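K.L.:
First the structure, then my questions, so here it is.
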Amino acid sequence: MTVDTTAGAKVDGPARATGSAPAARPADKHPRRARLVTVLAPVGSLAAAVGVWYAVSYLLLDADRRFLVPPPHQVLSVSFLDWTHLEPMLRALRLTAQVALVGLLIASALGVTAAVLMSRARWLERSLYPYAVILQTVPILAIVPLIGLWFGFGFTSRVVVCVLIALFPMIANTLFGIQSVDRAHHDLFTLQRASRWARLSKLELPAALPAIFTGLRTSSGLSVIGAIVGDMFFKQGDPGIGTLLDVYRSRLQSEDLFAAIILASLFGVVVFALFTLVARLAIGSWHASGERP
């Protein structure tokens, strides 16, 4: 059935009196200065981090121990500018990215589905939510051997680790978003005699989108961590970036170790930024969480 949701919409005071649209937010008086600060702030923090890195390499470490923290230019020349070193890292990062994205997709589908089911019946929430909390609190390293025995030591086990790590934020945030819908909106749907499906699809899930995207951003970073952990423990098949991290550590290839860490970190940042952009496009026009700061 069709539900008229405009009847209960809230209208600002000026708009209600005159019938005009709400006034837009005042524009920034110094847009050029704001853009300059937006650019210079991360550049300045990056320069400070590089400076601290150099200080640790040359001031705190002797020459014979400098391999523990090689200076940035050495990491750049040895690992990033040498294709024989960079190519295996990029190939491994591609595999890790596949594992992380597949795990995130499965965790998102399972998390949203479980949250919707728990929101439909209180007894389901009381039955399932404690197990979701246990899943979050159990150290993943403690059950890695079981995962290997059950699913093998290849791609599937790596995906399972990602799902286990990334699942809880999706459940918790989606359930919170569904349960946080304004009671007045529920009353409007009740007056219109809306079905449970109409209430879910037209009210609860759209209203929960900000919380769902918050869960996605959190789970995306956890999924990358899960993929790297899975690489370290399940080494059948092509090596992932986590496998290379373990190899570089055992061989004391410090430059390659730092380069692999930087690549893995950049991948996590890119995934987080991608979901932030998607959230802004999806909800930025009607919810404050999607607006540009």
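Simple scheme: letters A, B, ... for chains in structure tokens order, numbers from 1 for residues in each chain, numbers from 1 for ligands in the order shown.
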Excluding same-chain residues fewer than 5 positions from Gly177 of chain A, what lies within 9 Å of it counting only C-alpha atoms, as an MDAnalysis selection string?
P.N.:
chainID A and resid 172 204:205 207:212
K.L.:
Quick one: residues within 10 Å of Ser127 of chain A, only C-alpha atoms, excluding same-chain residues fewer than 5 positions away - as a PyMOL selection string?
P.N.:
chain A and resi 118+122+132
K.L.:
Mind running segment 66-175 of chain A against segment 245-260 of chain A at 8 Å and telling me each contacting residue's nearest atom pair with the distance in Å (one decimal), counting only C-alpha atoms, chain and number ascending, as a Markdown table?
P.N.:
| residue | atom | partner | partner_atom | distance |
| --- | --- | --- | --- | --- |
| A:Phe67 | CA | A:Ser254 | CA | 6.2 |
| A:Leu68 | CA | A:Ser254 | CA | 6.5 |
| A:Val69 | CA | A:Ser254 | CA | 7.2 |
| A:Pro70 | CA | A:Glu255 | CA | 6.4 |
| A:Gln74 | CA | A:Glu255 | CA | 7.0 |
| A:Val75 | CA | A:Glu255 | CA | 4.7 |
| A:Leu76 | CA | A:Ala259 | CA | 7.8 |
| A:Val78 | CA | A:Glu255 | CA | 6.6 |
| A:Ser79 | CA | A:Asp256 | CA | 5.5 |
| A:Phe80 | CA | A:Ala259 | CA | 7.0 |
| A:His85 | CA | A:Asp256 | CA | 7.3 |
| A:Met89 | CA | A:Ala260 | CA | 6.5 |
K.L.:
Need to verify the contact set: Ala97 of chain A, 12 Å, only C-alpha atoms, exclusion of same-chain residues closer than 2 positions in sequence. Can you return it as a ChimeraX atom specification?
P.N.:
/A:89-95,99-104,155,158-159,162,220-221,223-228,231,240-242,263-268,270-271
K.L.:
Name the closest residue to Ile143 of chain A among the candidates A:Leu164, A:Ile262, A:Ala279, A:Leu124; distances are taken between atoms, counting only C-alpha atoms.
P.N.:
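That would be A:Leu164, the residue with the smallest distance to Ile143 of chain A.
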K.L.:
Which residue out of A:Thr243, A:Thr84, A:Ser180, A:Gln136 has the minimum interatomic distance to Ser119 of chain A when only C-alpha atoms are used?
P.N.:
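Under the stated criterion, the closest residue is A:Ser180.
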K.L.:
Using only C-alpha atoms, which protein or nucleic acid residues come within 8 Å of Leu216 of chain A? Drop anything in the same chain fewer than 3 positions from it, and give the result as a ChimeraX atom specification.
P.N.:
/A:108,169-170,212-213,219-220,275
K.L.:
Selected residues, C-alpha atoms, written as a short mmCIF file (atom, residue, chain, number, x, y, z; two decimals), in the first residue's frame, please.
P.N.:
data_model
loop_
_atom_site.label_atom_id
_atom_site.label_comp_id
_atom_site.auth_asym_id
_atom_site.auth_seq_id
_atom_site.Cartn_x
_atom_site.Cartn_y
_atom_site.Cartn_z
CA SER A 108 27.29 -6.46 5.33
CA PRO A 169 29.58 -3.40 13.63
CA MET A 170 27.07 -4.03 10.85
CA ILE A 212 24.27 1.55 8.35
CA PHE A 213 26.91 3.60 6.57
CA SER A 219 33.59 -2.76 9.05
CA SER A 220 35.61 -1.77 5.98
CA PHE A 275 32.44 4.38 1.72
#
K.L.:
From the list A:Ala142, A:Trp197, A:Lys235, A:Thr174, which residue is nearest Ser157 of chain A when using only C-alpha atoms?
P.N.:
A:Lys235
K.L.:
Which residue out of A:Ala47, A:Leu149, A:Leu200, A:Ile140 has the minimum interatomic distance to Leu117 of chain A when only C-alpha atoms are used?
P.N.:
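That would be A:Leu200, the residue with the smallest distance to Leu117 of chain A.
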